[in-house]
Amino acid sequence: MIDINRIRENPEKIKELLKRKLWDTDFTELLKWDEERKEKLKFVEDGKAEKNKLTSLVPQMKKNGEDVGPIFKQVKDIDAKIKDTEVELAELENKIHDFLAELPNTPDEDLVGGGKENNKVIKVVNEKPVFNFKIKDHVELAESLGLVDYNRGAKIAGRGSWIYTNLGARLEWALINFFISEHLKDGYEMILPPHLLSEESGYVAGQFPKFKEDVFWLEGLEPKRFLLPTAETALVNLHRNEILSEDDLPKKYFAYTPCYRREAGSYRTEERGMIRGYQFDKVEMVQYTKPDQSDAAFEELVGKAESLVAKLGLHYRVSKLAAGDISHSMARTYDIEVYIPSIDIYKEVSSASNGRDYQARRGMMRYRDKETGKTKFVHTLNASGLATSRIFPAILEQYQQEDGSVLVPEVLQPFMGGIKVLKPIKK
């Protein structure tokens with residue numbers, strides 16, 4: 001949530017930043033409500049002060065034998081006006097809250113406006129693979145190697161689903177275990193969160209109210225719950241309504257979960273197979289930091305996500321996203337994009353993002369400053385580390401051999417029982 005003080009101080013600046021995110025808004029009504037709120041708040045405070053002043057006269061008046069009836073009548077009238085004003089005040093505060101809750105985070109000022117057409121590639125790593133034979137796409141490779149059963153996946157769950165089989169299941173699990181081992185080495189704390197989350201969790205993460213229809217809701221549960229679309233939604237709620245010690249920051253977590261999303265892609269070539277589906281596996285990293293730590297934390301998360309792709313020996317690039325291509329709750333995002341040879345396209349396998357204090361304000365996540373004793377909002381950051389549903393196809397396609405086999409990246413071999421090559425199965 002955007003700090004309303006920023007809007008009060010410079011509404012045109014905030015409006016311009018939001019326009020870069022393709023969000024047009026007018027703060028006239030919000031600022032009018034804000035002024036009305038201040039007036040009513042002052043009226044309530046002044047009324048309470050007047051009431052206290054009057055009631056303080058009662059003991060002496062009684063002692064002097066004076067009639068206190070008029071005093072009590074005045075107090076009663078003031079009480080009634082205060083109650084009426086407090087009702088109006090609550091209505092105003094709800095309107096202000098709802099207005100702010102709809103707004104996206106402001107992008108960092110160095111970001112250009114517009115959508116993905118304005119994203120900028122800032123780094124390319126490893127040589128693009130060159131083949132001297134006709135290559136296969138990951139769907140054909142996965143089927144010929146007996147790694148994925150798309151037909152039975154569709155049969156038991158519908159389009160946008162698949163089943164990892166035999167060495168495919170082991171390769172998927174090897175990827176997850178490799179990611180986990182790397183994060184543990186780097187001192188991140190492992191979390192296995194619930195997959196059913198409360199509506200408030202979606203609100204704090206910034207996915208609600210705007211994207212409430214983009215998740216799978218479960219009916220018949222009280223309170224109402226949804227399937228997590230990413231472990232970030234759970235991890236960024238761990239310290240909701242808490243005040244952390246400054247000495248405990250930064251806090252670094254990661255979680256492995258399946259992720260569930262309503263949009264399963266299309267029949268386009270670039271979304272065949274497991275490029276987009278209703279369910280996929282992902283390891284997610286989240287950090288809670290002090291504001292002056294968050295830029296360094298962002299660079300760390302980008303570097304960690306990159307290192308995983310690099311250690312797999314894959315050709316990839318890093319893109320700095322334009323303001324309009326950043327998610328609703330984030331201020332800055334770099335995408336790590338892996339190359340898919342069969343379609344000559346790069347696909348995102350990790351988005352590293354800095355939410356600044358946007359999610360922290362929604363979830364009242366703070367820390368106590370040692371020097372001043374005051375509470376301040378933390379910054380929250382996240383990055384995939386990594387999503388497997390595009391890494392898996394990239395490995396198959398970039399490591400394919402002329403005989404139809406696929407080499408297993410060296411870092412995955414220990415998690416595959418020493419298997420170095422995936423060979424076509426005999427039918």
# chains A, B, ... in the order shown; residues from 1 in each chain; ligands from 1
call {"tool": "residues_around", "arguments": {"residues": "Lys48 (chain A)", "least_positions_apart": "6", "cutoff": "10 Å", "atoms": "only C-alpha atoms", "output": "PDB file with N, CA and C atoms, in the first residue's frame"}}
result
ATOM      1  N   LYS A  42     -10.423  15.906  14.373  1.00  0.00           N
ATOM      2  CA  LYS A  42     -10.224  17.045  15.282  1.00  0.00           C
ATOM      3  C   LYS A  42     -11.496  17.320  16.085  1.00  0.00           C
ATOM      4  N   LEU A  54     -15.671  19.325  31.260  1.00  0.00           N
ATOM      5  CA  LEU A  54     -16.962  19.490  31.941  1.00  0.00           C
ATOM      6  C   LEU A  54     -17.101  18.509  33.100  1.00  0.00           C
ATOM      7  N   VAL A  75     -22.765  17.042  28.488  1.00  0.00           N
ATOM      8  CA  VAL A  75     -21.908  15.861  28.233  1.00  0.00           C
ATOM      9  C   VAL A  75     -22.643  14.868  27.346  1.00  0.00           C
ATOM     10  N   ILE A  78     -22.683  16.161  23.790  1.00  0.00           N
ATOM     11  CA  ILE A  78     -21.358  16.008  23.183  1.00  0.00           C
ATOM     12  C   ILE A  78     -21.117  14.551  22.805  1.00  0.00           C
ATOM     13  N   ASP A  79     -21.486  13.638  23.712  1.00  0.00           N
ATOM     14  CA  ASP A  79     -21.320  12.193  23.445  1.00  0.00           C
ATOM     15  C   ASP A  79     -22.048  11.782  22.175  1.00  0.00           C
ATOM     16  N   ILE A  82     -20.227  13.068  19.174  1.00  0.00           N
ATOM     17  CA  ILE A  82     -18.983  12.302  18.969  1.00  0.00           C
ATOM     18  C   ILE A  82     -19.292  10.965  18.298  1.00  0.00           C
TER      19      ILE A  82
END
call {"tool": "select_by_dssp", "arguments": {"residues": "region 103-250 of chain A", "states": "helix (DSSP H, G or I)", "output": "PyMOL selection string"}}
result
chain A and resi 116-118+138-144+150-157+167-185+199-205+212-214+231-235+246-248
call {"tool": "residues_around", "arguments": {"residues": "region 83-88 of chain A", "least_positions_apart": "2", "cutoff": "10 Å", "atoms": "only C-alpha atoms", "output": "PyMOL selection string"}}
result
chain A and resi 36-37+40-41+43-44+78-81+90-94
call {"tool": "atom_distance", "arguments": {"atom1": "CA of Val349 (chain A)", "atom2": "CA of Lys282 (chain A)"}}
result
9.5 Å
call {"tool": "residues_around", "arguments": {"residues": "Glu140 (chain A)", "least_positions_apart": "2", "cutoff": "12 Å", "atoms": "only C-alpha atoms", "output": "list in words"}}
result
Ile135, Lys136, Asp137, His138, Ala142, Glu143, Ser144, Leu145, Gly146, Leu147, Val148, Asp149, Tyr150, Arg272, Gly273, Met274, Ser342, Pro393, Leu396, Glu397, Gln400, Gly404, Ser405 and Pro424 of chain A
call {"tool": "write_last_selection", "arguments": {"atoms": "N, CA and C atoms", "output": "short mmCIF file (atom, residue, chain, number, x, y, z; two decimals), in the first residue's frame"}}
result
data_model
loop_
_atom_site.label_atom_id
_atom_site.label_comp_id
_atom_site.auth_asym_id
_atom_site.auth_seq_id
_atom_site.Cartn_x
_atom_site.Cartn_y
_atom_site.Cartn_z
N ILE A 135 16.93 -30.34 -34.52
CA ILE A 135 16.62 -30.49 -33.10
C ILE A 135 15.14 -30.86 -32.89
N LYS A 136 14.88 -31.41 -31.71
CA LYS A 136 13.51 -31.73 -31.29
C LYS A 136 13.09 -30.74 -30.22
N ASP A 137 11.78 -30.53 -30.10
CA ASP A 137 11.32 -29.67 -29.01
C ASP A 137 11.18 -30.50 -27.73
N HIS A 138 10.96 -29.83 -26.61
CA HIS A 138 10.97 -30.52 -25.31
C HIS A 138 9.82 -31.51 -25.17
N ALA A 142 10.66 -35.20 -24.22
CA ALA A 142 10.12 -35.73 -22.96
C ALA A 142 9.36 -37.03 -23.20
N GLU A 143 8.64 -37.11 -24.31
CA GLU A 143 7.88 -38.33 -24.61
C GLU A 143 8.80 -39.45 -25.07
N SER A 144 9.77 -39.15 -25.93
CA SER A 144 10.65 -40.20 -26.44
C SER A 144 11.58 -40.75 -25.35
N LEU A 145 11.87 -39.92 -24.36
CA LEU A 145 12.73 -40.36 -23.25
C LEU A 145 11.93 -40.95 -22.09
N GLY A 146 10.61 -40.93 -22.21
CA GLY A 146 9.76 -41.49 -21.16
C GLY A 146 9.78 -40.67 -19.88
N LEU A 147 9.89 -39.35 -20.03
CA LEU A 147 10.02 -38.48 -18.85
C LEU A 147 8.68 -37.87 -18.42
N VAL A 148 7.80 -37.64 -19.38
CA VAL A 148 6.53 -36.96 -19.10
C VAL A 148 5.43 -37.65 -19.89
N ASP A 149 4.28 -37.84 -19.23
CA ASP A 149 3.11 -38.40 -19.90
C ASP A 149 2.05 -37.30 -19.98
N TYR A 150 1.98 -36.67 -21.13
CA TYR A 150 1.03 -35.57 -21.32
C TYR A 150 -0.39 -36.10 -21.50
N ARG A 272 3.48 -24.81 -25.40
CA ARG A 272 3.20 -26.24 -25.42
C ARG A 272 3.87 -26.93 -24.25
N GLY A 273 3.40 -28.15 -23.98
CA GLY A 273 4.04 -28.95 -22.95
C GLY A 273 3.87 -28.34 -21.58
N MET A 274 4.99 -28.11 -20.89
CA MET A 274 4.90 -27.62 -19.53
C MET A 274 5.33 -26.16 -19.40
N SER A 342 14.02 -24.65 -29.60
CA SER A 342 13.07 -25.07 -30.63
C SER A 342 12.20 -23.92 -31.12
N PRO A 393 12.22 -28.02 -19.58
CA PRO A 393 12.28 -27.99 -21.04
C PRO A 393 13.59 -27.43 -21.58
N LEU A 396 16.25 -30.13 -21.47
CA LEU A 396 16.04 -31.13 -22.53
C LEU A 396 16.49 -30.58 -23.87
N GLU A 397 16.12 -29.36 -24.16
CA GLU A 397 16.43 -28.81 -25.49
C GLU A 397 17.89 -28.38 -25.63
N GLN A 400 20.25 -31.65 -25.63
CA GLN A 400 19.92 -32.77 -26.51
C GLN A 400 21.08 -33.13 -27.43
N GLY A 404 19.17 -38.43 -30.02
CA GLY A 404 17.91 -38.33 -29.29
C GLY A 404 18.07 -38.40 -27.78
N SER A 405 19.29 -38.61 -27.30
CA SER A 405 19.53 -38.63 -25.86
C SER A 405 19.70 -37.20 -25.35
N PRO A 424 16.62 -42.51 -25.10
CA PRO A 424 15.26 -42.83 -25.56
C PRO A 424 14.86 -44.23 -25.11
#
call {"tool": "atom_distance", "arguments": {"atom1": "CA of Val112 (chain A)", "atom2": "CA of Leu386 (chain A)"}}
result
26.6 Å
call {"tool": "residues_around", "arguments": {"residues": "region 173-187 of chain A", "least_positions_apart": "4", "cutoff": "8 Å", "atoms": "only C-alpha atoms", "output": "VMD selection string"}}
result
chain A and resid 169 252 254 256 282 to 283 308 385 to 386 388 411 to 412 415 to 416
call {"tool": "write_last_selection", "arguments": {"atoms": "N, CA and C atoms", "output": "short mmCIF file (atom, residue, chain, number, x, y, z; two decimals), in the first residue's frame"}}
result
data_model
loop_
_atom_site.label_atom_id
_atom_site.label_comp_id
_atom_site.auth_asym_id
_atom_site.auth_seq_id
_atom_site.Cartn_x
_atom_site.Cartn_y
_atom_site.Cartn_z
N ALA A 169 10.38 -37.88 -13.35
CA ALA A 169 10.06 -37.54 -11.96
C ALA A 169 11.35 -37.34 -11.17
N LYS A 252 15.88 -14.26 5.90
CA LYS A 252 15.96 -14.86 4.58
C LYS A 252 15.30 -16.24 4.62
N PHE A 254 13.28 -19.53 2.24
CA PHE A 254 12.89 -20.10 0.96
C PHE A 254 11.91 -21.22 1.22
N TYR A 256 9.74 -24.62 -0.87
CA TYR A 256 9.34 -25.40 -2.05
C TYR A 256 7.85 -25.64 -1.96
N LYS A 282 7.94 -24.94 -7.80
CA LYS A 282 8.82 -23.78 -7.71
C LYS A 282 9.43 -23.69 -6.32
N VAL A 283 10.68 -23.27 -6.28
CA VAL A 283 11.32 -22.89 -5.02
C VAL A 283 11.40 -21.37 -5.03
N LEU A 308 21.98 -20.23 -10.14
CA LEU A 308 21.36 -21.55 -10.31
C LEU A 308 21.29 -21.92 -11.79
N GLY A 385 13.56 -19.34 -7.15
CA GLY A 385 14.89 -19.91 -7.08
C GLY A 385 14.93 -21.43 -7.21
N LEU A 386 14.37 -22.04 -8.23
CA LEU A 386 13.75 -21.50 -9.45
C LEU A 386 12.42 -22.21 -9.71
N THR A 388 10.56 -24.84 -12.03
CA THR A 388 11.08 -25.96 -12.83
C THR A 388 10.41 -26.12 -14.18
N VAL A 411 25.74 -30.77 -12.23
CA VAL A 411 25.33 -30.50 -10.85
C VAL A 411 24.12 -31.33 -10.42
N LEU A 412 23.38 -31.88 -11.40
CA LEU A 412 22.20 -32.68 -11.08
C LEU A 412 22.53 -34.17 -10.95
N PHE A 415 22.13 -35.98 -7.65
CA PHE A 415 20.74 -36.13 -7.23
C PHE A 415 19.99 -37.12 -8.12
N MET A 416 20.64 -37.59 -9.17
CA MET A 416 20.05 -38.56 -10.10
C MET A 416 20.69 -39.94 -9.95
#
call {"tool": "residues_around", "arguments": {"residues": "Asp110 (chain A)", "least_positions_apart": "5", "cutoff": "10 Å", "atoms": "only C-alpha atoms", "output": "PDB file with C-alpha atoms, in the first residue's frame"}}
result
ATOM      1  CA  ALA A 322       9.716  -1.627 -17.666  1.00  0.00           C
ATOM      2  CA  ALA A 323       7.361  -0.205 -15.053  1.00  0.00           C
ATOM      3  CA  ARG A 332      11.371  -3.172  -9.344  1.00  0.00           C
TER       4      ARG A 332
END
call {"tool": "select_by_dssp", "arguments": {"residues": "region 235-321 of chain A", "states": "strand (DSSP E)", "output": "PyMOL selection string"}}
result
chain A and resi 243-245+251-260+279-289+316-320
call {"tool": "closest_atom_pairs", "arguments": {"of": "region 205-290 of chain A", "to": "region 300-306 of chain A", "cutoff": "9 Å", "atoms": "only C-alpha atoms", "output": "CSV"}}
result
residue,atom,partner,partner_atom,distance
A:Met285,CA,A:Leu301,CA,7.8
A:Val286,CA,A:Leu301,CA,8.7
A:Gln287,CA,A:Leu301,CA,8.8
call {"tool": "residues_around", "arguments": {"residues": "Ile71 (chain A)", "least_positions_apart": "2", "cutoff": "8 Å", "atoms": "only C-alpha atoms", "output": "PDB file with C-alpha atoms, in the first residue's frame"}}
result
ATOM      1  CA  LEU A  54     -16.962  19.490  31.941  1.00  0.00           C
ATOM      2  CA  THR A  55     -16.928  16.240  33.925  1.00  0.00           C
ATOM      3  CA  VAL A  58     -18.797  17.932  38.681  1.00  0.00           C
ATOM      4  CA  VAL A  68     -24.983  19.355  37.905  1.00  0.00           C
ATOM      5  CA  GLY A  69     -27.915  18.468  35.636  1.00  0.00           C
ATOM      6  CA  LYS A  73     -26.947  17.280  29.592  1.00  0.00           C
ATOM      7  CA  GLN A  74     -24.040  19.007  27.835  1.00  0.00           C
ATOM      8  CA  VAL A  75     -21.908  15.861  28.233  1.00  0.00           C
TER       9      VAL A  75
END
call {"tool": "closest_residue", "arguments": {"among": "A:Leu18, A:Leu228, A:Ile345, A:Leu103", "to": "Pro209 (chain A)", "atoms": "only C-alpha atoms"}}
result
A:Leu103
call {"tool": "atom_distance", "arguments": {"atom1": "CA of His379 (chain A)", "atom2": "CA of Val236 (chain A)"}}
result
10.3 Å
call {"tool": "closest_residue", "arguments": {"among": "A:Asn132, A:Ser245, A:Thr230, A:Glu410", "to": "Pro258 (chain A)", "atoms": "only C-alpha atoms"}}
result
A:Thr230
call {"tool": "closest_residue", "arguments": {"among": "A:Phe131, A:Phe298, A:Tyr278, A:Phe99", "to": "Tyr399 (chain A)", "atoms": "only C-alpha atoms"}}
result
A:Phe131
call {"tool": "closest_residue", "arguments": {"among": "A:Lys120, A:Gly113, A:Leu227, A:Glu16", "to": "Ser319 (chain A)", "atoms": "only C-alpha atoms"}}
result
A:Lys120
